[in-house]
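What follows is a set of notes on a single structure, which appears directly below.
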Amino acid sequence: MTNWHSLKEEEVFKTLSSSPSGISEEEAKARLQTFGKNELKEKERVPIWLRFLDQFKSPLIFILLAAILVSGILGEYIDAIVISAIVLMNAILGLIQEERAEKALQALKKMAVPKAQVIREGKIKEIDSTEVVPGDVIVLSAGNRVPADARVISSFNLMTDEAPLTGESVPVEKSVGVLEEETSLGEQRNMVFSGTTVTYGRGEAVVVSTGMSTEIGKIATLLEETEKEATPLQRNLDQVGKVLALMVLGICLVVFLVGILRGAPILFMLLLSISLAVAAIPEGLPAVVTIVLALGTQRMAQRGAIIRHLPAVETLGSTSIICSDKTGTMTLNEMTVEFLVTAKDEFKITGKGYEPKGEIQAEDGPLSDLPPDIEKLVVAASLNTDAHLVKEGERWEIRGDPTEGALVVLSHKLGFKKEDLLKEYQRIHEIPFTSERKMMTTVFRKDGAHFAFSKGAPDVLIHFCNRIQNGEEVEPLSERGKDLILKKNERMARDGLRVLGIAYKPLKENEAPEKDLIFLGLVGMRDAAREEVKEAIEICRKAGIKPVMITGDHLLTAVAIGSQLGLIEKEHQAITGEDLSRLSPEELLKKAPELSIYARVSPEDKVRILNAYQSLGHVVAMTGDGINDAPALKQANIGVAMGITGTDVSKEAADMVLTDDNFATIVKAVEEGRTIFSNIKKFISFLLSCNLAEVLAVFMGFLLFPAREPILTPAQILWMNLVTDGLPALALGVNPPEKGVMEEKPRSKKTGIFTKRVLWRLGISALLMAVSTLFAFVFGLKHSVVKGETMAFTTIVVLELLYSFYSRSDRLPGWKMGFGSNKYLIWAVISSFLLQVLIVYTPGISRAFGTLPLDLIDWGFIALLGIVNFGLLEALKVLVFSKIPE
């Protein structure tokens, strides 16, 4: 790969077979054939029918497909139709999510420049940006989007906004010249990049890369190559599917062998064992998971987070590292003046961002009146800009350079609106800023008098000054005084501030504007940190989550913001992209746990950092808003994009979009994710306990009464699985969070749903419910077989409904949570019970389900079994289950 930034200009032209007057039209056509169009290409997409079939790869779905087949063979067509509908619904939902997830490249394509100005055969002409080829000389001016990666060959104050690509928070000056070979992307001042915008000045550049070879094209390639690893939920559901498969096969084998050994007919035993296997499958589980996650997305949307992929809701709950971009995520992406330094005093400016609200404060508090030197400084700073402050709806925005915008906001805060100043002062001359001069001067006329106002790098501007404003007086500026000012400048820069010097002088006729200036002071500004982020970082730490800043900005700036937010305590916790590139994969794995800030990093670095954390077993969330964040957002276990400042590319690559760009919203989302996983674990455990109870009841009934049909019919089992179990399971899915949910460490990726505690509880509760069901069957059998079956059916329904209350927590007993802690569960249980009563007492329906009416004595016996069962389980929870480790 050619390092274009490190070649001499003549070498660049020689390598590209071009010249400052461009290439010929004939050569351009030939190169278009060689290099292809200047656009981003997509890999060939998998046909929609294959992506639809991919939705059936889950072990749980395999089991349900087997259940459909078996139901059809047994003639249970209603069962087969219902289960088919469930499987189909899940497949369609999965396909829709995938379609939405793969729009990242489409968003990148939208950023392509429709037109570009090029020099060909010495003449400027406008062409489609897709026709730009290597060797073309492009003409750039303020407002242009750069059509391709190019080496700058002329620059007249040329500045570009590279924030979407590198994370740099202020426009980057562009210049000609040769740079060191190892210069990082963010430091390549002699290069312009495709997709960035010219904010100031003009220039020319020779194109070196087009299409997929550009930096933005490399990002597109990374997006194509990046594969999402399975979410914790997907892995856990796969685990559930495998456990169920083993359980189903085990049940079939045991029942079949026991029956054969006892002399039962082979065909009868085959059908019975298959029926039991179908009974073991919780047909409603995929639907309940999907609905619970969908309800979770609605709750999160109300809290400012839009979930694009359903499993991402739960993934948040296991997040152990949040990698966040700095610009626009931890900060406002709005340059803000924070400090003013004059001859003898230092002042703090309050307020954040572009909103013109704030005041000036000295050591002893706010100032009621502005000192004369501050007044002169503010007026000079505001007039010496080309930026304007405007209000768009509820948001204040800057038109022009962000640094100049911060000076305009400062003057508004202190009572000097720029539009009012321009009514008094008329600009008559300007000496523009250049990267060589590092300063800018404007000349204004007011009431017949002339004034020069200058701003620039303090170490440059100070040498044009021989006097200093001190209150109302103007005093000589000695060399010692200059040294003191430069030391203050260095101190402010070390604190991560961008520092400008401000000077002025009244002009006499024919006097040079930039000679013998009066120094007014220093202005320190930075991209202000979001107020809520510091608290959010503290909450993350309590929850065992490590926050990490990954930025394209300078190390000093990143460290200053990181210290301000409480992200780091020592500088060794920060590293630059340049130092990172020197680390081997093994060295990075050792160093990563102690690092909290990565500065001046490239898109490839971001993916490498994520890979390191994921290799260490972490579940990583990545936040970001720029194009440069897109590959990492897709690579992360959960990508979080910014809704207001985020690019389309980042939003399409992400799993979640923050509507308020608020870092604190992620913390709320993590809490929601933890609660959702806990609830999923509760209702899966609930459903499997109920299904196992049904299987054990049928199996033990067969052992006790080998010559008769199963005590529960397939229709009754399917009714319980989908309705009487399904409604409480849904209600458990929206169970309120348990206390201390954000004070626990993130669960390990290896921690599945079937922990020791869950397995013990599942097995014992299922056994108790099955034994109680058999007691009810025997009690009813004294009257008739149908009465016995009705008693068994109704008893297991009642026991399962009571068990749903038990399942609200695996630690706390029911009396500590309160009966009404989950109102949805109360309504679900009442509804399911009334539906069961309907089946028992409605003539037509009762015939279909093989039931007959129960009397008060029957209901009394069922109630007794329920009380004993529930009481025993609650006692076991407190005395046994809560002491079993997860």
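Identifiers for the structure tokens are assigned positionally: chains receive A, B, ... in sequence, residues are indexed from 1 per chain, and ligands are indexed from 1 in the order shown.
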query = Can you tell me, as a PyMOL selection string, what residues are no more than 9 Å from Pro432 (chain A) when counting only C-alpha atoms, ignoring any on the same chain fewer than 6 positions away?
reply = chain A and resi 157+439-442
Selected residues, N, CA, C and O atoms, written as an mmCIF file, in the first residue's frame, please.
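Once everything was written out, this is part.cif:
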data_model
loop_
_atom_site.group_PDB
_atom_site.id
_atom_site.type_symbol
_atom_site.label_atom_id
_atom_site.label_comp_id
_atom_site.auth_asym_id
_atom_site.auth_seq_id
_atom_site.Cartn_x
_atom_site.Cartn_y
_atom_site.Cartn_z
ATOM 1 N N ASN A 157 -6.137 28.292 3.034
ATOM 2 C CA ASN A 157 -6.911 28.201 4.288
ATOM 3 C C ASN A 157 -7.890 27.019 4.254
ATOM 4 O O ASN A 157 -8.959 27.062 4.864
ATOM 5 N N MET A 439 -2.911 32.797 12.548
ATOM 6 C CA MET A 439 -3.656 33.901 13.145
ATOM 7 C C MET A 439 -4.527 34.573 12.086
ATOM 8 O O MET A 439 -4.355 34.345 10.884
ATOM 9 N N MET A 440 -5.494 35.347 12.550
ATOM 10 C CA MET A 440 -6.424 36.041 11.651
ATOM 11 C C MET A 440 -6.666 37.440 12.200
ATOM 12 O O MET A 440 -6.770 37.631 13.417
ATOM 13 N N THR A 441 -6.731 38.424 11.302
ATOM 14 C CA THR A 441 -6.965 39.801 11.718
ATOM 15 C C THR A 441 -8.067 40.419 10.859
ATOM 16 O O THR A 441 -8.107 40.194 9.640
ATOM 17 N N THR A 442 -8.963 41.148 11.504
ATOM 18 C CA THR A 442 -10.002 41.891 10.781
ATOM 19 C C THR A 442 -9.927 43.358 11.191
ATOM 20 O O THR A 442 -9.569 43.678 12.334
#
For this session: Please identify all polymer residues within 10 Å of region 13-19 of chain A, counting only C-alpha atoms, omitting same-chain residues fewer than 2 positions from it, and present them as a ChimeraX atom specification.
Result: /A:2,4,7-11,21-24,27,119-122,134-137,151,206-208
Please write the residues from the selection above to a file, keeping C-alpha atoms, as a short mmCIF file (atom, residue, chain, number, x, y, z; two decimals), in the first residue's frame.
data_model
loop_
_atom_site.label_atom_id
_atom_site.label_comp_id
_atom_site.auth_asym_id
_atom_site.auth_seq_id
_atom_site.Cartn_x
_atom_site.Cartn_y
_atom_site.Cartn_z
CA THR A 2 1.38 3.41 -1.01
CA TRP A 4 0.72 8.96 -0.33
CA LEU A 7 5.77 11.12 -0.94
CA LYS A 8 6.99 14.35 -2.53
CA GLU A 9 4.43 16.05 -4.76
CA GLU A 10 6.31 15.22 -7.95
CA GLU A 11 6.55 11.56 -6.86
CA SER A 21 -3.34 20.15 -15.16
CA GLY A 22 -5.00 16.76 -14.68
CA ILE A 23 -5.38 13.84 -17.06
CA SER A 24 -6.99 13.66 -20.50
CA GLU A 27 -7.12 8.52 -20.09
CA ILE A 119 -9.31 19.61 -13.80
CA ARG A 120 -8.86 17.68 -17.03
CA GLU A 121 -6.52 18.84 -19.79
CA GLY A 122 -6.05 22.08 -17.84
CA PRO A 134 -7.09 8.15 -9.59
CA GLY A 135 -4.96 10.91 -11.12
CA ASP A 136 -7.85 13.39 -11.41
CA VAL A 137 -7.16 16.80 -9.88
CA ARG A 151 -3.29 14.41 -1.78
CA VAL A 206 -4.89 14.90 -6.79
CA VAL A 207 -7.02 11.77 -6.35
CA VAL A 208 -5.10 8.72 -5.09
#
Computed gap from CA of Leu801 (chain A) to CA of Ile830 (chain A) is 8.9 Å
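Straight-line separation from CA of Thr790 (chain A) to CA of Leu768 (chain A): 18.8 Å.
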Q: Please provide as number ranges by chain all residues within 7 Å of Val533 (chain A), with the sequence filter that same-chain residues fewer than 6 positions apart are discarded (counting only C-alpha atoms).
A: A: 330, 565, 663-664
Checklist line | Residues near Gly353 (chain A), cut-off 7 Å, only C-alpha atoms, skip fewer than 3 positions along chain, as a list in words | finding: Leu332, Glu334, Met335, Thr336 and Ala528 of chain A
Wanna dump the region 445-502 of chain A-region 366-378 of chain A contacts at 9 Å for me, each residue with its shortest atom pair and the distance in Å to one decimal, counting only C-alpha atoms, ordered by chain and number, as a tab-separated table?
residue	atom	partner	partner_atom	distance
A:Gln469	CA	A:Asp373	CA	6.0
A:Asn470	CA	A:Asp373	CA	6.4
A:Gly471	CA	A:Asp373	CA	5.0
A:Glu472	CA	A:Pro372	CA	5.6
A:Glu473	CA	A:Asp373	CA	8.6
A:Ile502	CA	A:Leu377	CA	6.6
### Message
Residues within 9 Å of Thr842 (chain A), please, as a list in words. Count only C-alpha atoms; anything in the same chain fewer than 4 positions from it doesn't count.
### Response
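The residues that qualify are Val837, Leu838, Ser846, Arg847, Leu852 and Pro853 of chain A.
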Residues from last step as file, N, CA and C atoms, as a PDB file, in the first residue's frame:
ATOM      1  N   VAL A 837     -62.484 -22.881  34.068  1.00  0.00           N
ATOM      2  CA  VAL A 837     -63.862 -23.087  34.544  1.00  0.00           C
ATOM      3  C   VAL A 837     -64.811 -23.204  33.356  1.00  0.00           C
ATOM      4  N   LEU A 838     -64.594 -22.406  32.337  1.00  0.00           N
ATOM      5  CA  LEU A 838     -65.410 -22.436  31.121  1.00  0.00           C
ATOM      6  C   LEU A 838     -65.350 -23.819  30.461  1.00  0.00           C
ATOM      7  N   SER A 846     -66.695 -28.761  27.005  1.00  0.00           N
ATOM      8  CA  SER A 846     -66.277 -29.822  27.928  1.00  0.00           C
ATOM      9  C   SER A 846     -66.224 -31.175  27.218  1.00  0.00           C
ATOM     10  N   ARG A 847     -67.120 -31.374  26.257  1.00  0.00           N
ATOM     11  CA  ARG A 847     -67.113 -32.638  25.514  1.00  0.00           C
ATOM     12  C   ARG A 847     -65.830 -32.745  24.674  1.00  0.00           C
ATOM     13  N   LEU A 852     -66.073 -33.148  32.766  1.00  0.00           N
ATOM     14  CA  LEU A 852     -67.448 -33.017  33.261  1.00  0.00           C
ATOM     15  C   LEU A 852     -67.432 -32.097  34.479  1.00  0.00           C
ATOM     16  N   PRO A 853     -68.605 -31.524  34.864  1.00  0.00           N
ATOM     17  CA  PRO A 853     -68.635 -30.528  35.945  1.00  0.00           C
ATOM     18  C   PRO A 853     -68.133 -31.107  37.278  1.00  0.00           C
TER      19      PRO A 853
END
Note to self: What does the structure give for the distance between CA of Val601 (chain A) and CA of Leu633 (chain A), in Å to one decimal?
What the structure shows: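 Computing it gives 14.9 Å between the two atoms.
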All residues 12 Å or closer to Val313 (chain A), only C-alpha atoms, same chain fewer than 3 positions away omitted, as number ranges by chain:
A: 231-234, 289-290, 292-301, 305-310, 316-319, 621, 637-640, 655-657, 666, 668-677, 680
- Query: Where does DSSP see strand (DSSP E) in region 299-531 of chain A, if you list the residues as a ChimeraX atom specification?
  - Reply: /A:305-307,321-324,331-341,346-349,360-362,365-366,388-392,395-399,426-431,439-446,449-456,465-470,473-476,498-507,517-529
Output C-alpha atoms for every residue in that selection, as a compact mmCIF listing (two decimals), in the first residue's frame.
# COMPACT_ATOMS: atom_id res chain seq x y z
CA ALA A 305 -33.62 3.92 23.39
CA ILE A 306 -34.91 2.39 20.17
CA ILE A 307 -34.04 -1.30 19.78
CA ILE A 321 -17.70 -3.20 29.01
CA ILE A 322 -19.10 -0.08 27.31
CA CYS A 323 -16.74 1.34 24.67
CA SER A 324 -17.86 4.89 23.95
CA THR A 331 -19.30 15.34 25.17
CA LEU A 332 -21.82 17.64 23.47
CA ASN A 333 -19.81 18.01 20.21
CA GLU A 334 -20.17 21.75 20.77
CA MET A 335 -17.03 23.79 21.50
CA THR A 336 -17.54 25.84 24.68
CA VAL A 337 -15.40 28.61 26.17
CA GLU A 338 -14.66 27.68 29.79
CA PHE A 339 -11.85 30.04 30.86
CA LEU A 340 -10.65 33.59 30.20
CA VAL A 341 -7.18 34.70 31.30
CA GLU A 346 -8.49 34.24 35.55
CA PHE A 347 -12.23 33.82 35.05
CA LYS A 348 -14.54 30.83 34.61
CA ILE A 349 -17.41 30.87 32.11
CA ILE A 360 -18.57 34.94 34.19
CA GLN A 361 -17.15 34.02 37.58
CA ALA A 362 -14.08 35.16 39.47
CA GLY A 365 -18.16 34.39 42.73
CA PRO A 366 -20.10 35.79 39.73
CA HIS A 388 -23.14 32.96 13.44
CA LEU A 389 -25.37 31.62 16.22
CA VAL A 390 -28.89 30.56 15.15
CA LYS A 391 -31.79 28.76 16.80
CA GLU A 392 -33.29 25.81 14.92
CA ARG A 395 -31.68 23.65 19.45
CA TRP A 396 -29.02 26.34 19.16
CA GLU A 397 -26.66 25.77 16.24
CA ILE A 398 -23.53 27.37 14.78
CA ARG A 399 -23.23 28.33 11.14
CA GLN A 426 -18.40 47.72 9.84
CA ARG A 427 -15.76 45.28 8.58
CA ILE A 428 -13.59 46.92 5.94
CA HIS A 429 -10.57 44.60 5.68
CA GLU A 430 -9.40 41.09 6.57
CA ILE A 431 -6.11 39.23 6.74
CA MET A 439 -3.66 33.90 13.15
CA MET A 440 -6.42 36.04 11.65
CA THR A 441 -6.97 39.80 11.72
CA THR A 442 -10.00 41.89 10.78
CA VAL A 443 -10.24 45.68 10.51
CA PHE A 444 -13.45 47.50 11.53
CA ARG A 445 -14.68 51.09 11.36
CA LYS A 446 -16.78 52.61 14.15
CA ALA A 449 -12.33 55.40 14.01
CA HIS A 450 -10.59 52.19 12.87
CA PHE A 451 -9.73 49.11 14.94
CA ALA A 452 -7.77 45.94 14.26
CA PHE A 453 -8.88 42.73 16.04
CA SER A 454 -6.63 39.64 15.98
CA LYS A 455 -6.89 36.07 17.21
CA GLY A 456 -4.55 33.12 16.85
CA CYS A 465 2.19 42.39 20.71
CA ASN A 466 4.20 44.97 22.62
CA ARG A 467 1.50 46.10 25.05
CA ILE A 468 -1.09 44.45 27.31
CA GLN A 469 -4.51 45.57 28.53
CA ASN A 470 -4.65 45.61 32.35
CA GLU A 473 -4.89 50.76 31.51
CA VAL A 474 -2.64 49.73 28.63
CA GLU A 475 0.84 48.76 29.85
CA PRO A 476 4.07 47.74 28.10
CA ARG A 498 -7.94 24.60 22.93
CA VAL A 499 -6.37 28.01 23.58
CA LEU A 500 -6.60 31.18 21.49
CA GLY A 501 -4.92 34.51 22.10
CA ILE A 502 -6.92 37.72 21.50
CA ALA A 503 -5.40 41.14 20.71
CA TYR A 504 -6.46 44.52 19.26
CA LYS A 505 -5.37 48.07 18.63
CA PRO A 506 -6.84 51.37 17.47
CA LEU A 507 -5.53 52.00 13.93
CA LEU A 517 -0.85 44.96 19.03
CA ILE A 518 -2.34 45.20 22.54
CA PHE A 519 -2.69 41.73 24.08
CA LEU A 520 -6.13 41.25 25.68
CA GLY A 521 -5.95 37.69 27.02
CA LEU A 522 -6.32 33.96 26.49
CA VAL A 523 -9.53 32.08 25.73
CA GLY A 524 -9.67 28.40 26.76
CA MET A 525 -12.35 26.21 25.20
CA ARG A 526 -13.20 22.56 24.80
CA ASP A 527 -15.92 20.24 23.62
CA ALA A 528 -17.87 20.23 26.88
CA ALA A 529 -18.57 17.00 28.75
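Closest approach to His783 (chain A) from the set A:Ile537, A:Leu616, A:Ile550, A:Leu854 is made by A:Leu854, with distances taken over only C-alpha atoms.
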Polymer residues at most 10 Å from Thr851 (chain A), only C-alpha atoms, same-chain spacing of 3 or more positions, as a PDB file with N, CA and C atoms, in the first residue's frame:
ATOM      1  N   GLN A 716     -55.748 -31.527  26.060  1.00  0.00           N
ATOM      2  CA  GLN A 716     -55.616 -30.866  27.362  1.00  0.00           C
ATOM      3  C   GLN A 716     -54.195 -30.329  27.561  1.00  0.00           C
ATOM      4  N   VAL A 786     -63.880 -40.454  33.750  1.00  0.00           N
ATOM      5  CA  VAL A 786     -63.930 -39.073  33.230  1.00  0.00           C
ATOM      6  C   VAL A 786     -63.766 -38.059  34.362  1.00  0.00           C
ATOM      7  N   LYS A 787     -64.398 -38.369  35.521  1.00  0.00           N
ATOM      8  CA  LYS A 787     -64.260 -37.480  36.678  1.00  0.00           C
ATOM      9  C   LYS A 787     -62.789 -37.437  37.140  1.00  0.00           C
ATOM     10  N   GLY A 788     -62.143 -38.589  37.133  1.00  0.00           N
ATOM     11  CA  GLY A 788     -60.728 -38.645  37.508  1.00  0.00           C
ATOM     12  C   GLY A 788     -59.873 -37.805  36.563  1.00  0.00           C
ATOM     13  N   GLU A 789     -60.139 -37.928  35.251  1.00  0.00           N
ATOM     14  CA  GLU A 789     -59.380 -37.140  34.259  1.00  0.00           C
ATOM     15  C   GLU A 789     -59.626 -35.641  34.431  1.00  0.00           C
ATOM     16  N   THR A 790     -60.904 -35.276  34.694  1.00  0.00           N
ATOM     17  CA  THR A 790     -61.237 -33.858  34.910  1.00  0.00           C
ATOM     18  C   THR A 790     -60.521 -33.324  36.147  1.00  0.00           C
ATOM     19  N   MET A 791     -60.512 -34.133  37.236  1.00  0.00           N
ATOM     20  CA  MET A 791     -59.832 -33.721  38.466  1.00  0.00           C
ATOM     21  C   MET A 791     -58.329 -33.535  38.209  1.00  0.00           C
ATOM     22  N   PHE A 793     -56.800 -32.934  35.286  1.00  0.00           N
ATOM     23  CA  PHE A 793     -56.642 -31.789  34.388  1.00  0.00           C
ATOM     24  C   PHE A 793     -56.769 -30.467  35.147  1.00  0.00           C
ATOM     25  N   THR A 794     -57.835 -30.311  35.918  1.00  0.00           N
ATOM     26  CA  THR A 794     -58.088 -29.054  36.626  1.00  0.00           C
ATOM     27  C   THR A 794     -57.063 -28.834  37.747  1.00  0.00           C
ATOM     28  N   ILE A 839     -64.143 -24.383  30.390  1.00  0.00           N
ATOM     29  CA  ILE A 839     -63.960 -25.705  29.779  1.00  0.00           C
ATOM     30  C   ILE A 839     -64.692 -26.788  30.579  1.00  0.00           C
ATOM     31  N   VAL A 840     -64.623 -26.672  31.904  1.00  0.00           N
ATOM     32  CA  VAL A 840     -65.220 -27.699  32.770  1.00  0.00           C
ATOM     33  C   VAL A 840     -66.746 -27.664  32.735  1.00  0.00           C
ATOM     34  N   TYR A 841     -67.323 -26.452  32.640  1.00  0.00           N
ATOM     35  CA  TYR A 841     -68.780 -26.340  32.824  1.00  0.00           C
ATOM     36  C   TYR A 841     -69.569 -26.077  31.532  1.00  0.00           C
ATOM     37  N   THR A 842     -68.919 -25.703  30.426  1.00  0.00           N
ATOM     38  CA  THR A 842     -69.655 -25.439  29.177  1.00  0.00           C
ATOM     39  C   THR A 842     -69.837 -26.742  28.409  1.00  0.00           C
ATOM     40  N   PRO A 843     -71.065 -27.172  28.154  1.00  0.00           N
ATOM     41  CA  PRO A 843     -71.323 -28.504  27.572  1.00  0.00           C
ATOM     42  C   PRO A 843     -70.538 -28.819  26.298  1.00  0.00           C
ATOM     43  N   ILE A 845     -67.900 -27.381  24.883  1.00  0.00           N
ATOM     44  CA  ILE A 845     -66.441 -27.326  25.040  1.00  0.00           C
ATOM     45  C   ILE A 845     -65.958 -28.474  25.926  1.00  0.00           C
ATOM     46  N   SER A 846     -66.695 -28.761  27.005  1.00  0.00           N
ATOM     47  CA  SER A 846     -66.277 -29.822  27.928  1.00  0.00           C
ATOM     48  C   SER A 846     -66.224 -31.175  27.218  1.00  0.00           C
ATOM     49  N   ARG A 847     -67.120 -31.374  26.257  1.00  0.00           N
ATOM     50  CA  ARG A 847     -67.113 -32.638  25.514  1.00  0.00           C
ATOM     51  C   ARG A 847     -65.830 -32.745  24.674  1.00  0.00           C
ATOM     52  N   ALA A 848     -65.432 -31.614  24.060  1.00  0.00           N
ATOM     53  CA  ALA A 848     -64.224 -31.611  23.220  1.00  0.00           C
ATOM     54  C   ALA A 848     -62.968 -31.913  24.041  1.00  0.00           C
ATOM     55  N   LEU A 854     -67.468 -30.224  38.062  1.00  0.00           N
ATOM     56  CA  LEU A 854     -66.968 -30.594  39.395  1.00  0.00           C
ATOM     57  C   LEU A 854     -67.866 -29.976  40.458  1.00  0.00           C
TER      58      LEU A 854
END
| request: Run DSSP on the backbone of this structure and report the residues of region 150-378 of chain A it assigns to helix (DSSP H, G or I), as JSON, numbers by chain. | output: {"A": [163, 164, 165, 166, 185, 186, 187, 211, 212, 213, 215, 216, 217, 218, 219, 220, 221, 222, 223, 224, 225, 232, 233, 234, 235, 236, 237, 238, 239, 240, 241, 242, 243, 244, 245, 246, 247, 248, 249, 250, 251, 252, 253, 254, 255, 256, 257, 258, 259, 260, 261, 266, 267, 268, 269, 270, 271, 272, 273, 274, 275, 276, 277, 278, 279, 285, 286, 287, 288, 289, 290, 291, 292, 293, 294, 295, 296, 297, 298, 299, 300, 301, 302, 311, 312, 313, 314, 315, 316, 317, 326, 327, 328, 329, 330, 372, 373, 374, 375, 376, 377, 378]}
Using C-alpha atoms, can you export the residues from the last selection as a CSV table (one decimal), in the first residue's frame?
chain,number,residue,atom,x,y,z
A,163,ALA,CA,-15.3,14.2,12.8
A,164,PRO,CA,-17.4,11.4,11.1
A,165,LEU,CA,-14.3,9.6,9.9
A,166,THR,CA,-11.7,10.2,12.6
A,185,LEU,CA,-4.8,9.0,9.6
A,186,GLY,CA,-6.0,11.8,11.9
A,187,GLU,CA,-2.6,13.6,11.5
A,211,GLY,CA,-14.5,3.6,-4.4
A,212,MET,CA,-13.7,0.7,-2.1
A,213,SER,CA,-10.0,1.7,-1.9
A,215,GLU,CA,-10.8,5.1,3.8
A,216,ILE,CA,-14.6,5.1,3.8
A,217,GLY,CA,-14.4,2.1,1.4
A,218,LYS,CA,-12.2,0.3,3.8
A,219,ILE,CA,-14.9,0.8,6.5
A,220,ALA,CA,-17.5,-0.6,4.1
A,221,THR,CA,-15.2,-3.7,3.6
A,222,LEU,CA,-14.9,-4.0,7.4
A,223,LEU,CA,-18.7,-3.9,7.7
A,224,GLU,CA,-19.0,-6.7,5.1
A,225,GLU,CA,-16.3,-8.8,6.9
A,232,PRO,CA,-26.2,-14.5,25.2
A,233,LEU,CA,-30.0,-15.1,24.7
A,234,GLN,CA,-29.5,-16.9,21.5
A,235,ARG,CA,-26.9,-19.1,23.1
A,236,ASN,CA,-29.1,-19.8,26.1
A,237,LEU,CA,-32.1,-20.6,23.9
A,238,ASP,CA,-29.9,-23.0,22.0
A,239,GLN,CA,-29.0,-24.6,25.3
A,240,VAL,CA,-32.7,-24.9,26.2
A,241,GLY,CA,-33.3,-26.5,22.8
A,242,LYS,CA,-30.5,-29.1,23.4
A,243,VAL,CA,-31.7,-29.9,26.9
A,244,LEU,CA,-35.2,-30.3,25.6
A,245,ALA,CA,-34.0,-32.6,22.8
A,246,LEU,CA,-32.2,-34.8,25.3
A,247,MET,CA,-35.2,-34.8,27.6
A,248,VAL,CA,-37.6,-35.7,24.8
A,249,LEU,CA,-35.4,-38.6,23.6
A,250,GLY,CA,-35.0,-39.8,27.1
A,251,ILE,CA,-38.7,-39.8,27.8
A,252,CYS,CA,-39.4,-41.7,24.6
A,253,LEU,CA,-36.8,-44.3,25.3
A,254,VAL,CA,-37.7,-44.8,29.0
A,255,VAL,CA,-41.4,-45.0,28.4
A,256,PHE,CA,-41.0,-47.3,25.4
A,257,LEU,CA,-38.7,-49.7,27.2
A,258,VAL,CA,-40.8,-49.8,30.4
A,259,GLY,CA,-43.9,-50.6,28.4
A,260,ILE,CA,-42.2,-53.4,26.4
A,261,LEU,CA,-40.8,-55.0,29.5
A,266,ILE,CA,-45.3,-52.2,20.6
A,267,LEU,CA,-47.6,-49.9,18.5
A,268,PHE,CA,-49.4,-48.7,21.6
A,269,MET,CA,-46.1,-48.0,23.4
A,270,LEU,CA,-44.7,-46.2,20.4
A,271,LEU,CA,-47.7,-43.9,20.1
A,272,LEU,CA,-47.7,-43.3,23.9
A,273,SER,CA,-44.0,-42.4,24.1
A,274,ILE,CA,-44.3,-40.0,21.1
A,275,SER,CA,-47.3,-38.3,22.7
A,276,LEU,CA,-45.3,-37.8,25.9
A,277,ALA,CA,-42.4,-36.4,23.9
A,278,VAL,CA,-44.8,-33.8,22.3
A,279,ALA,CA,-46.1,-33.0,25.7
A,285,LEU,CA,-41.9,-20.6,24.4
A,286,PRO,CA,-40.6,-19.0,21.2
A,287,ALA,CA,-43.7,-16.8,21.0
A,288,VAL,CA,-43.4,-15.8,24.7
A,289,VAL,CA,-39.7,-14.9,24.2
A,290,THR,CA,-40.5,-12.8,21.1
A,291,ILE,CA,-43.4,-11.0,22.8
A,292,VAL,CA,-41.5,-10.3,26.0
A,293,LEU,CA,-38.6,-8.8,24.1
A,294,ALA,CA,-41.0,-6.7,21.9
A,295,LEU,CA,-42.6,-5.4,25.1
A,296,GLY,CA,-39.1,-4.6,26.4
A,297,THR,CA,-38.4,-2.6,23.3
A,298,GLN,CA,-41.5,-0.5,23.8
A,299,ARG,CA,-40.5,0.3,27.4
A,300,MET,CA,-37.0,1.2,26.3
A,301,ALA,CA,-38.3,3.4,23.5
A,302,GLN,CA,-40.2,5.4,26.2
A,311,PRO,CA,-32.1,-10.0,21.2
A,312,ALA,CA,-30.1,-6.8,21.9
A,313,VAL,CA,-32.5,-5.9,24.7
A,314,GLU,CA,-31.3,-8.9,26.7
A,315,THR,CA,-27.7,-8.6,25.6
A,316,LEU,CA,-27.5,-5.3,27.3
A,317,GLY,CA,-28.1,-7.0,30.6
A,326,LYS,CA,-15.9,10.8,23.1
A,327,THR,CA,-17.1,13.4,20.6
A,328,GLY,CA,-20.9,13.8,20.8
A,329,THR,CA,-21.4,10.9,23.2
A,330,MET,CA,-19.5,11.7,26.3
A,372,PRO,CA,-13.0,46.8,30.8
A,373,ASP,CA,-10.3,44.4,29.6
A,374,ILE,CA,-12.9,41.5,29.5
A,375,GLU,CA,-15.3,43.7,27.7
A,376,LYS,CA,-12.7,44.5,25.0
A,377,LEU,CA,-11.6,40.9,24.8
A,378,VAL,CA,-15.2,39.6,24.2
